[in-house]
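**Student:** Structure below; questions to follow.
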Amino acid sequence: MGGSAPRPDCHLPVETTSFVDRREEQAEGRELLAHARLVTLTGPGGVGKTRLAARIAARVARAFPDGVRFLHLSGLHDPALVPLAAADALGLHDHSAQPPLDALAEQVRDRRLLLVVDNCEHLLPACADLAAALLRGTTGVRLLATSRHRLGLTEEHLMDVRPLPVPDPDPDGDLSAADVGPALTLFADRAAAVDPGFRLTPANRAAVARLCRRLDGLPLAIELAAVRMRVLGVEQLLARLDDRYRLLSAGSPAVLPRHQTLRAAVDWSHDLCTPHEQLVWARACVLAGSFDLETAEAVCADGEQVRPHDVLAAVAGLVDKSVLCREPGPDGLRYRLLDTLRHYGLEKLRELPGEENAARRRQRDWMQERAAACERTWFGPGQREAVARLRADQDNLRAALDYSLTAPGEALAGLRLAGTLWFYWHACGAPREGRHWLDRALAAHPEPTPERARALWISGLLAGCPEDLTRGRRRAEEAAALARRLGDEAEAAHAEYVIGVIRLFSDDLAAALDHFRASVARGRVPGQHLSLVGLDRVELACALSFLGRPDQAIAVCEETRRLCEAHGEEWVLSYVLRMLALAHTVKRDWPRAERHAREALRRKLAVHDIVGIGLTLDLLAQIAGHHDAPERAAVLLGGSDRVWADVDRDRWGSAALGTARDGTETRARAAVGGPAFDRAYAHGAALPLPDLIGYALEEHRPPEPERPPQGAPLTRRETQVAELVAEGLANQQIADRLVIARRTAEGHVERILSKLGFSNRSQIAAWVTAQR
């Protein structure tokens, strides 16, 4: 089974331009979050809700020991994907058969974290359901949402994000420097980026103030206007903007003034674009989330009106005009349309007959091509890059699948794309989302095709809980029968692998052994993916070890290891190394077992295989418990259980995995005593994943979290504060409970961290638990 570590881009977005002021709003947001578990920033498009939410979240991050995560929803349109995207943002890999929201709440029920949910307005019911599930199913999770409309929950606290204040221009044009304010500062900052000589001066301050007032202080409108300073002066900007407003005023009087303002600014920016820039802007709106230049060229070029070299020039022009934002990506620069500008461009695209469907089909075909290229090279040296690329493209993959499964006549293409991504759903930790798309695709295209056979066995492969294994086996058997009927040996072999895995995880070890012996003896059939050839051998070695035949398992592993190394492959190799460690554990050769397990852990970290990390930490804990290091075993077991909490606390109900884990705890607890075991276990559970893996690989002794440094005991008040930290209270809540100032509470927490030599609040919580 596979899995991946949390997505890097689920943390707070990187700021690529300066952030102007909003000090009062930041303070108000922090204050609201200290008392409320759901805060929604509301306001019109272009007012800066997303940037403000990111700033507030960054300022309160220390109050959330389990982190702050960012959920982008602008590229998501299927309400059913909201809980799956939230789980992905939180680094969870649910394999259960529970309803998605129930599973999500259960997995984070003991966490103290902040989830920022951005751009909720087009998915309000689904976002409200997500918030309700987290608020009512947990105690330590808080949410900060951005939306043009409220979510409508009774627990919700609203914060209206207003446009930037603009000072009244002095009638004499001599606005003082002290009265500049954030709107003028923002304009000056963005104008200086395109005209390095621009500065606010007594001569131009009043004109800039009139311009910002004309733009209602909307940050997006101000930024779009400021880039015109490359060719126009401030007075010229004002005159041309007035012309634009006169045109707009002939439209519907029902449009809100701020919407008119933003529409005028965006219209003006659009009119100043070249024809190629306008068309690329419109076509790029079918790209969800961020995208790279290669994707823009594939989707926006049609070989007639726009060629690939035209797209490059257009993208550069749109970046210069602040229509496209640049951000870092795994292969270099990526680009993103702000949500407001995406909706505008989509309107323009729909004005051109047939253009939207053609652009969406090109986008889907490009995603299919990219997924197929990653699949072809998956058993090779480019796995890390493939994982990073597909994660960056996740929103576009979702858009391509959704188009295929909703547009008439495109269902087979959707089934093909969902099947091509088997390795992504399985190896990269997205089993529930994979099942979502496969179920939809199978229902949309019931005809007996090779694509259907593939989708059936993948659906079986993604079964990861006792409740789902029966259905998974039925689907794999149906896939095998269909593939044989179609004469497709490769898909039949793939389906047979899944049948064997389900037997293994159902603890039918003798049948699994016979099954994989037959598969390995048969050898590779034409078209069979090398990853699944390697995994046939991995599972054979696993069954042999579980049945007490370690020497045979080692021989199988060494042969498979040579296959992986010949191709520069890492993911299957990490499982081969773990099987070598398991076999040497059966032989009670602890040094070799530990060496192989550590090497497996290094490889699993390299390809972000979170499930494999959990399996290997279990094994390292077992080895340590037998190898005269029971305290080390307790630390590793605490860390492993924390990793498994993101996947399945019951380890898929496997008796083999559960027995090994429970036996390790029993042995270590007996060796060091209950209190010492609990302290070491709590310490391991509190370690961040990089620190936990560093500890597992470097073999250093765990620090003593339960003892403050000599001569630095906690005071009575500090002990009270530590207890409240362990309960999950934020600094403001601690201050309210103890009737002290927030600043005083913050000072107590800082001194506790210093005295105990800790770096985060979760370590305080673990220390308090160990003291009880």
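Naming works like this for the structure tokens: A, B, ... for the chains as they're shown, residue 1 at the start of each chain, ligands 1 onward in shown order.
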For segment 113-116 of chain A, please output as a VMD selection string all residues within 6 Å (counting only C-alpha atoms; exclusion window: fewer than 2 positions along the same chain).
**Tutor:** chain A and resid 64 66 to 71 111 141 to 145
**Student:** Can those selected residues be exported to a file as a tab-separated table (two decimals), in the first residue's frame so that it contains N, CA and C atoms?
**Tutor:**
chain	number	residue	atom	x	y	z
A	64	PHE	N	-1.09	26.82	17.53
A	64	PHE	CA	-1.62	25.57	16.99
A	64	PHE	C	-0.47	24.57	16.81
A	66	ASP	N	-0.32	21.54	16.12
A	66	ASP	CA	-0.42	20.61	14.99
A	66	ASP	C	-0.48	21.32	13.65
A	67	GLY	N	-0.22	22.63	13.66
A	67	GLY	CA	0.02	23.34	12.42
A	67	GLY	C	-1.15	24.13	11.89
A	68	VAL	N	-0.84	24.87	10.83
A	68	VAL	CA	-1.80	25.66	10.08
A	68	VAL	C	-1.76	25.14	8.65
A	69	ARG	N	-2.91	24.80	8.10
A	69	ARG	CA	-2.99	24.29	6.73
A	69	ARG	C	-3.92	25.15	5.90
A	70	PHE	N	-3.64	25.23	4.60
A	70	PHE	CA	-4.36	26.11	3.69
A	70	PHE	C	-5.07	25.28	2.65
A	71	LEU	N	-6.37	25.44	2.52
A	71	LEU	CA	-7.18	24.71	1.54
A	71	LEU	C	-7.67	25.67	0.47
A	111	ARG	N	-6.43	16.72	17.45
A	111	ARG	CA	-5.45	17.69	16.97
A	111	ARG	C	-5.82	19.10	17.39
A	141	VAL	N	-9.80	21.92	16.69
A	141	VAL	CA	-9.67	22.40	15.32
A	141	VAL	C	-10.43	23.72	15.18
A	142	ARG	N	-9.77	24.71	14.59
A	142	ARG	CA	-10.41	26.00	14.30
A	142	ARG	C	-10.34	26.25	12.80
A	143	LEU	N	-11.28	27.05	12.31
A	143	LEU	CA	-11.34	27.33	10.88
A	143	LEU	C	-11.37	28.83	10.64
A	144	LEU	N	-10.61	29.24	9.64
A	144	LEU	CA	-10.62	30.62	9.16
A	144	LEU	C	-11.00	30.54	7.69
A	145	ALA	N	-12.18	31.04	7.34
A	145	ALA	CA	-12.69	30.93	5.97
A	145	ALA	C	-12.69	32.29	5.30
**Student:** I'd like the neighbourhood of Met229 of chain A as a PyMOL selection string, where a residue qualifies if any of its atoms comes within 12 Å (using only C-alpha atoms), though same-chain residues fewer than 2 positions away should be ignored.
**Tutor:** chain A and resi 187-199+208+222-227+231-238+320-321
**Student:** Dump N, CA, C and O atoms for the selected residues as a compact mmCIF listing (two decimals), in the first residue's frame?
**Tutor:**
# COMPACT_ATOMS: atom_id res chain seq x y z
N PHE A 187 -0.57 51.59 -3.99
CA PHE A 187 -0.40 52.08 -5.36
C PHE A 187 1.07 52.42 -5.62
O PHE A 187 1.63 52.04 -6.67
N ALA A 188 1.69 53.11 -4.69
CA ALA A 188 3.09 53.51 -4.88
C ALA A 188 4.00 52.30 -4.97
O ALA A 188 4.92 52.26 -5.80
N ASP A 189 3.74 51.30 -4.16
CA ASP A 189 4.57 50.09 -4.18
C ASP A 189 4.47 49.37 -5.53
O ASP A 189 5.47 48.98 -6.13
N ARG A 190 3.23 49.21 -6.03
CA ARG A 190 3.05 48.50 -7.30
C ARG A 190 3.50 49.36 -8.49
O ARG A 190 4.02 48.82 -9.46
N ALA A 191 3.31 50.65 -8.41
CA ALA A 191 3.76 51.52 -9.49
C ALA A 191 5.28 51.53 -9.59
O ALA A 191 5.85 51.52 -10.69
N ALA A 192 5.95 51.53 -8.45
CA ALA A 192 7.42 51.52 -8.45
C ALA A 192 7.97 50.23 -9.05
O ALA A 192 9.10 50.21 -9.56
N ALA A 193 7.19 49.15 -9.00
CA ALA A 193 7.65 47.89 -9.57
C ALA A 193 7.75 47.97 -11.09
O ALA A 193 8.57 47.27 -11.71
N VAL A 194 6.91 48.81 -11.73
CA VAL A 194 6.97 48.95 -13.19
C VAL A 194 7.65 50.25 -13.62
O VAL A 194 8.08 50.38 -14.76
N ASP A 195 7.69 51.20 -12.72
CA ASP A 195 8.37 52.48 -12.98
C ASP A 195 9.27 52.77 -11.79
O ASP A 195 8.85 53.45 -10.84
N PRO A 196 10.51 52.24 -11.80
CA PRO A 196 11.38 52.32 -10.61
C PRO A 196 11.59 53.72 -10.08
O PRO A 196 11.93 53.90 -8.91
N GLY A 197 11.36 54.73 -10.88
CA GLY A 197 11.57 56.09 -10.40
C GLY A 197 10.38 56.69 -9.70
O GLY A 197 10.45 57.79 -9.16
N PHE A 198 9.27 55.96 -9.65
CA PHE A 198 8.06 56.53 -9.07
C PHE A 198 8.14 56.59 -7.55
O PHE A 198 8.52 55.62 -6.89
N ARG A 199 7.74 57.74 -7.01
CA ARG A 199 7.64 57.93 -5.56
C ARG A 199 6.44 58.81 -5.27
O ARG A 199 6.05 59.64 -6.10
N VAL A 208 -2.90 60.79 -6.69
CA VAL A 208 -2.95 59.36 -6.36
C VAL A 208 -4.12 59.09 -5.43
O VAL A 208 -4.83 58.08 -5.58
N ILE A 222 -6.66 48.71 -7.56
CA ILE A 222 -5.49 49.60 -7.44
C ILE A 222 -4.27 48.96 -8.11
O ILE A 222 -3.51 49.62 -8.83
N GLU A 223 -4.07 47.66 -7.89
CA GLU A 223 -2.92 46.98 -8.49
C GLU A 223 -3.02 46.97 -10.01
O GLU A 223 -2.03 47.18 -10.71
N LEU A 224 -4.23 46.70 -10.54
CA LEU A 224 -4.39 46.68 -11.99
C LEU A 224 -4.14 48.06 -12.60
O LEU A 224 -3.58 48.17 -13.70
N ALA A 225 -4.55 49.10 -11.88
CA ALA A 225 -4.31 50.45 -12.39
C ALA A 225 -2.84 50.83 -12.29
O ALA A 225 -2.29 51.49 -13.19
N ALA A 226 -2.18 50.42 -11.22
CA ALA A 226 -0.79 50.84 -10.99
C ALA A 226 0.15 50.35 -12.08
O ALA A 226 1.13 51.03 -12.42
N VAL A 227 -0.13 49.18 -12.67
CA VAL A 227 0.79 48.68 -13.70
C VAL A 227 0.74 49.54 -14.96
O VAL A 227 1.65 49.47 -15.79
N VAL A 231 3.35 53.39 -18.77
CA VAL A 231 3.17 54.21 -19.98
C VAL A 231 2.35 55.47 -19.73
O VAL A 231 2.28 56.33 -20.62
N LEU A 232 1.70 55.58 -18.57
CA LEU A 232 0.84 56.73 -18.32
C LEU A 232 1.21 57.41 -17.00
O LEU A 232 1.74 56.76 -16.09
N GLY A 233 0.90 58.71 -16.91
CA GLY A 233 1.04 59.41 -15.65
C GLY A 233 -0.22 59.28 -14.83
O GLY A 233 -1.26 58.80 -15.30
N VAL A 234 -0.16 59.76 -13.58
CA VAL A 234 -1.31 59.62 -12.69
C VAL A 234 -2.52 60.37 -13.23
O VAL A 234 -3.65 59.84 -13.23
N GLU A 235 -2.33 61.59 -13.71
CA GLU A 235 -3.46 62.37 -14.23
C GLU A 235 -4.07 61.70 -15.46
O GLU A 235 -5.29 61.69 -15.64
N GLN A 236 -3.20 61.10 -16.31
CA GLN A 236 -3.72 60.39 -17.48
C GLN A 236 -4.52 59.16 -17.04
O GLN A 236 -5.57 58.84 -17.62
N LEU A 237 -4.04 58.48 -16.01
CA LEU A 237 -4.78 57.34 -15.48
C LEU A 237 -6.17 57.76 -15.03
O LEU A 237 -7.17 57.10 -15.33
N LEU A 238 -6.24 58.87 -14.30
CA LEU A 238 -7.52 59.36 -13.81
C LEU A 238 -8.47 59.67 -14.96
O LEU A 238 -9.65 59.28 -14.93
N ASP A 320 3.07 40.98 -16.80
CA ASP A 320 3.40 42.41 -16.69
C ASP A 320 2.18 43.24 -16.31
O ASP A 320 2.29 44.25 -15.61
N LYS A 321 1.02 42.82 -16.76
CA LYS A 321 -0.21 43.58 -16.50
C LYS A 321 -0.90 43.14 -15.20
O LYS A 321 -2.03 43.55 -14.93
**Student:** Taking the chain letters and numbering used in this document, name the residues of segment 261-465 of chain A that DSSP puts in strand (DSSP E or B), as a PDB file with N, CA, C and O atoms, in the first residue's frame.
**Tutor:**
ATOM      1  N   SER A 290      -2.949  26.412 -10.235  1.00  0.00           N
ATOM      2  CA  SER A 290      -1.771  26.947 -10.914  1.00  0.00           C
ATOM      3  C   SER A 290      -1.411  26.060 -12.098  1.00  0.00           C
ATOM      4  O   SER A 290      -1.847  24.908 -12.195  1.00  0.00           O
ATOM      5  N   PHE A 291      -0.579  26.585 -12.999  1.00  0.00           N
ATOM      6  CA  PHE A 291      -0.177  25.830 -14.182  1.00  0.00           C
ATOM      7  C   PHE A 291       1.190  26.311 -14.642  1.00  0.00           C
ATOM      8  O   PHE A 291       1.610  27.439 -14.342  1.00  0.00           O
ATOM      9  N   LEU A 324      -1.834  37.683 -14.548  1.00  0.00           N
ATOM     10  CA  LEU A 324      -1.307  36.409 -14.063  1.00  0.00           C
ATOM     11  C   LEU A 324      -0.328  36.657 -12.924  1.00  0.00           C
ATOM     12  O   LEU A 324       0.509  37.554 -13.003  1.00  0.00           O
ATOM     13  N   CYS A 325      -0.453  35.843 -11.870  1.00  0.00           N
ATOM     14  CA  CYS A 325       0.519  35.875 -10.773  1.00  0.00           C
ATOM     15  C   CYS A 325       1.535  34.755 -10.987  1.00  0.00           C
ATOM     16  O   CYS A 325       1.192  33.675 -11.470  1.00  0.00           O
ATOM     17  N   ARG A 326       2.762  35.001 -10.621  1.00  0.00           N
ATOM     18  CA  ARG A 326       3.794  33.971 -10.693  1.00  0.00           C
ATOM     19  C   ARG A 326       4.013  33.371  -9.309  1.00  0.00           C
ATOM     20  O   ARG A 326       3.911  34.060  -8.305  1.00  0.00           O
ATOM     21  N   GLU A 327       4.324  32.078  -9.270  1.00  0.00           N
ATOM     22  CA  GLU A 327       4.639  31.417  -8.010  1.00  0.00           C
ATOM     23  C   GLU A 327       5.594  30.256  -8.291  1.00  0.00           C
ATOM     24  O   GLU A 327       5.645  29.736  -9.414  1.00  0.00           O
ATOM     25  N   PRO A 328       6.372  29.849  -7.294  1.00  0.00           N
ATOM     26  CA  PRO A 328       7.322  28.752  -7.525  1.00  0.00           C
ATOM     27  C   PRO A 328       6.610  27.420  -7.678  1.00  0.00           C
ATOM     28  O   PRO A 328       5.539  27.191  -7.114  1.00  0.00           O
ATOM     29  N   GLY A 329       7.198  26.520  -8.473  1.00  0.00           N
ATOM     30  CA  GLY A 329       6.655  25.185  -8.667  1.00  0.00           C
ATOM     31  C   GLY A 329       7.764  24.162  -8.717  1.00  0.00           C
ATOM     32  O   GLY A 329       8.956  24.518  -8.693  1.00  0.00           O
ATOM     33  N   GLY A 332       9.997  24.794 -11.789  1.00  0.00           N
ATOM     34  CA  GLY A 332      10.250  26.196 -12.104  1.00  0.00           C
ATOM     35  C   GLY A 332       9.015  27.029 -11.851  1.00  0.00           C
ATOM     36  O   GLY A 332       8.192  26.716 -10.990  1.00  0.00           O
ATOM     37  N   LEU A 333       8.842  28.097 -12.637  1.00  0.00           N
ATOM     38  CA  LEU A 333       7.732  29.013 -12.402  1.00  0.00           C
ATOM     39  C   LEU A 333       6.398  28.399 -12.797  1.00  0.00           C
ATOM     40  O   LEU A 333       6.296  27.666 -13.776  1.00  0.00           O
ATOM     41  N   ARG A 334       5.397  28.728 -12.024  1.00  0.00           N
ATOM     42  CA  ARG A 334       4.012  28.422 -12.373  1.00  0.00           C
ATOM     43  C   ARG A 334       3.229  29.728 -12.324  1.00  0.00           C
ATOM     44  O   ARG A 334       3.698  30.737 -11.775  1.00  0.00           O
ATOM     45  N   TYR A 335       2.016  29.676 -12.870  1.00  0.00           N
ATOM     46  CA  TYR A 335       1.203  30.879 -12.998  1.00  0.00           C
ATOM     47  C   TYR A 335      -0.187  30.583 -12.433  1.00  0.00           C
ATOM     48  O   TYR A 335      -0.646  29.454 -12.426  1.00  0.00           O
ATOM     49  N   ARG A 336      -0.837  31.658 -11.989  1.00  0.00           N
ATOM     50  CA  ARG A 336      -2.170  31.502 -11.404  1.00  0.00           C
ATOM     51  C   ARG A 336      -2.994  32.746 -11.726  1.00  0.00           C
ATOM     52  O   ARG A 336      -2.493  33.867 -11.653  1.00  0.00           O
ATOM     53  N   LEU A 337      -4.262  32.527 -12.071  1.00  0.00           N
ATOM     54  CA  LEU A 337      -5.218  33.612 -12.240  1.00  0.00           C
ATOM     55  C   LEU A 337      -5.955  33.825 -10.928  1.00  0.00           C
ATOM     56  O   LEU A 337      -6.446  32.858 -10.329  1.00  0.00           O
TER      57      LEU A 337
END
**Student:** Name the residues in contact with segment 370-387 of chain A at a cut-off of 7 Å, using only C-alpha atoms, excluding same-chain residues fewer than 6 positions from it; report them as JSON, numbers by chain.
**Tutor:** {"A": [420, 421, 428, 530, 531, 567, 568, 569, 607]}
**Student:** Take the residues from that selection and write them out as a PDB file, in the first residue's frame, keeping all heavy atoms.
**Tutor:**
ATOM      1  N   THR A 420      -5.229   5.684 -15.892  1.00  0.00           N
ATOM      2  CA  THR A 420      -3.809   6.002 -16.088  1.00  0.00           C
ATOM      3  C   THR A 420      -3.170   6.446 -14.781  1.00  0.00           C
ATOM      4  O   THR A 420      -1.980   6.216 -14.546  1.00  0.00           O
ATOM      5  CB  THR A 420      -3.665   7.112 -17.147  1.00  0.00           C
ATOM      6  OG1 THR A 420      -4.248   6.678 -18.366  1.00  0.00           O
ATOM      7  CG2 THR A 420      -2.198   7.456 -17.388  1.00  0.00           C
ATOM      8  N   LEU A 421      -3.959   7.063 -13.930  1.00  0.00           N
ATOM      9  CA  LEU A 421      -3.439   7.608 -12.671  1.00  0.00           C
ATOM     10  C   LEU A 421      -3.403   6.577 -11.547  1.00  0.00           C
ATOM     11  O   LEU A 421      -3.265   6.954 -10.379  1.00  0.00           O
ATOM     12  CB  LEU A 421      -4.299   8.809 -12.241  1.00  0.00           C
ATOM     13  CG  LEU A 421      -4.136  10.070 -13.092  1.00  0.00           C
ATOM     14  CD1 LEU A 421      -5.260  11.050 -12.810  1.00  0.00           C
ATOM     15  CD2 LEU A 421      -2.791  10.724 -12.809  1.00  0.00           C
ATOM     16  N   CYS A 428       0.715   7.663  -4.105  1.00  0.00           N
ATOM     17  CA  CYS A 428       0.835   9.038  -3.630  1.00  0.00           C
ATOM     18  C   CYS A 428      -0.228   9.408  -2.600  1.00  0.00           C
ATOM     19  O   CYS A 428      -0.480  10.584  -2.348  1.00  0.00           O
ATOM     20  CB  CYS A 428       0.781  10.007  -4.807  1.00  0.00           C
ATOM     21  SG  CYS A 428       2.058   9.694  -6.036  1.00  0.00           S
ATOM     22  N   LEU A 530       6.170  -2.694 -14.824  1.00  0.00           N
ATOM     23  CA  LEU A 530       7.264  -3.238 -14.016  1.00  0.00           C
ATOM     24  C   LEU A 530       7.050  -3.017 -12.527  1.00  0.00           C
ATOM     25  O   LEU A 530       7.519  -3.818 -11.706  1.00  0.00           O
ATOM     26  CB  LEU A 530       8.601  -2.622 -14.452  1.00  0.00           C
ATOM     27  CG  LEU A 530       9.340  -3.354 -15.583  1.00  0.00           C
ATOM     28  CD1 LEU A 530      10.580  -2.568 -15.998  1.00  0.00           C
ATOM     29  CD2 LEU A 530       9.729  -4.767 -15.130  1.00  0.00           C
ATOM     30  N   SER A 531       6.361  -1.941 -12.149  1.00  0.00           N
ATOM     31  CA  SER A 531       6.097  -1.733 -10.722  1.00  0.00           C
ATOM     32  C   SER A 531       5.293  -2.890 -10.151  1.00  0.00           C
ATOM     33  O   SER A 531       5.560  -3.373  -9.039  1.00  0.00           O
ATOM     34  CB  SER A 531       5.330  -0.426 -10.500  1.00  0.00           C
ATOM     35  OG  SER A 531       6.154   0.691 -10.714  1.00  0.00           O
ATOM     36  N   HIS A 567      16.995  -0.169 -12.845  1.00  0.00           N
ATOM     37  CA  HIS A 567      16.148   0.863 -13.452  1.00  0.00           C
ATOM     38  C   HIS A 567      16.181   2.187 -12.688  1.00  0.00           C
ATOM     39  O   HIS A 567      15.491   3.135 -13.062  1.00  0.00           O
ATOM     40  CB  HIS A 567      14.693   0.357 -13.529  1.00  0.00           C
ATOM     41  CG  HIS A 567      14.461  -0.683 -14.571  1.00  0.00           C
ATOM     42  ND1 HIS A 567      14.803  -2.017 -14.373  1.00  0.00           N
ATOM     43  CD2 HIS A 567      13.949  -0.595 -15.826  1.00  0.00           C
ATOM     44  CE1 HIS A 567      14.482  -2.705 -15.464  1.00  0.00           C
ATOM     45  NE2 HIS A 567      13.965  -1.879 -16.345  1.00  0.00           N
ATOM     46  N   GLY A 568      16.952   2.267 -11.612  1.00  0.00           N
ATOM     47  CA  GLY A 568      16.983   3.492 -10.822  1.00  0.00           C
ATOM     48  C   GLY A 568      15.691   3.767 -10.086  1.00  0.00           C
ATOM     49  O   GLY A 568      15.348   4.921  -9.811  1.00  0.00           O
ATOM     50  N   GLU A 569      14.947   2.709  -9.738  1.00  0.00           N
ATOM     51  CA  GLU A 569      13.630   2.820  -9.111  1.00  0.00           C
ATOM     52  C   GLU A 569      13.768   2.910  -7.593  1.00  0.00           C
ATOM     53  O   GLU A 569      14.643   2.280  -7.013  1.00  0.00           O
ATOM     54  CB  GLU A 569      12.801   1.591  -9.504  1.00  0.00           C
ATOM     55  CG  GLU A 569      11.305   1.775  -9.369  1.00  0.00           C
ATOM     56  CD  GLU A 569      10.788   1.580  -7.961  1.00  0.00           C
ATOM     57  OE1 GLU A 569      11.521   1.041  -7.120  1.00  0.00           O
ATOM     58  OE2 GLU A 569       9.639   1.941  -7.704  1.00  0.00           O
ATOM     59  N   VAL A 607      10.501   9.457  -1.447  1.00  0.00           N
ATOM     60  CA  VAL A 607       9.329   9.448  -2.334  1.00  0.00           C
ATOM     61  C   VAL A 607       8.044   9.794  -1.580  1.00  0.00           C
ATOM     62  O   VAL A 607       6.941   9.632  -2.097  1.00  0.00           O
ATOM     63  CB  VAL A 607       9.181   8.087  -3.056  1.00  0.00           C
ATOM     64  CG1 VAL A 607      10.322   7.866  -4.006  1.00  0.00           C
ATOM     65  CG2 VAL A 607       9.075   6.929  -2.072  1.00  0.00           C
TER      66      VAL A 607
END
**Student:** Which polymer residues have any atom within 6 Å of an atom of segment 535-550 of chain A, counting only C-alpha atoms, with same-chain residues fewer than 2 positions away left out, as a PyMOL selection string?
**Tutor:** chain A and resi 513+516+532-533+552-553+576+583
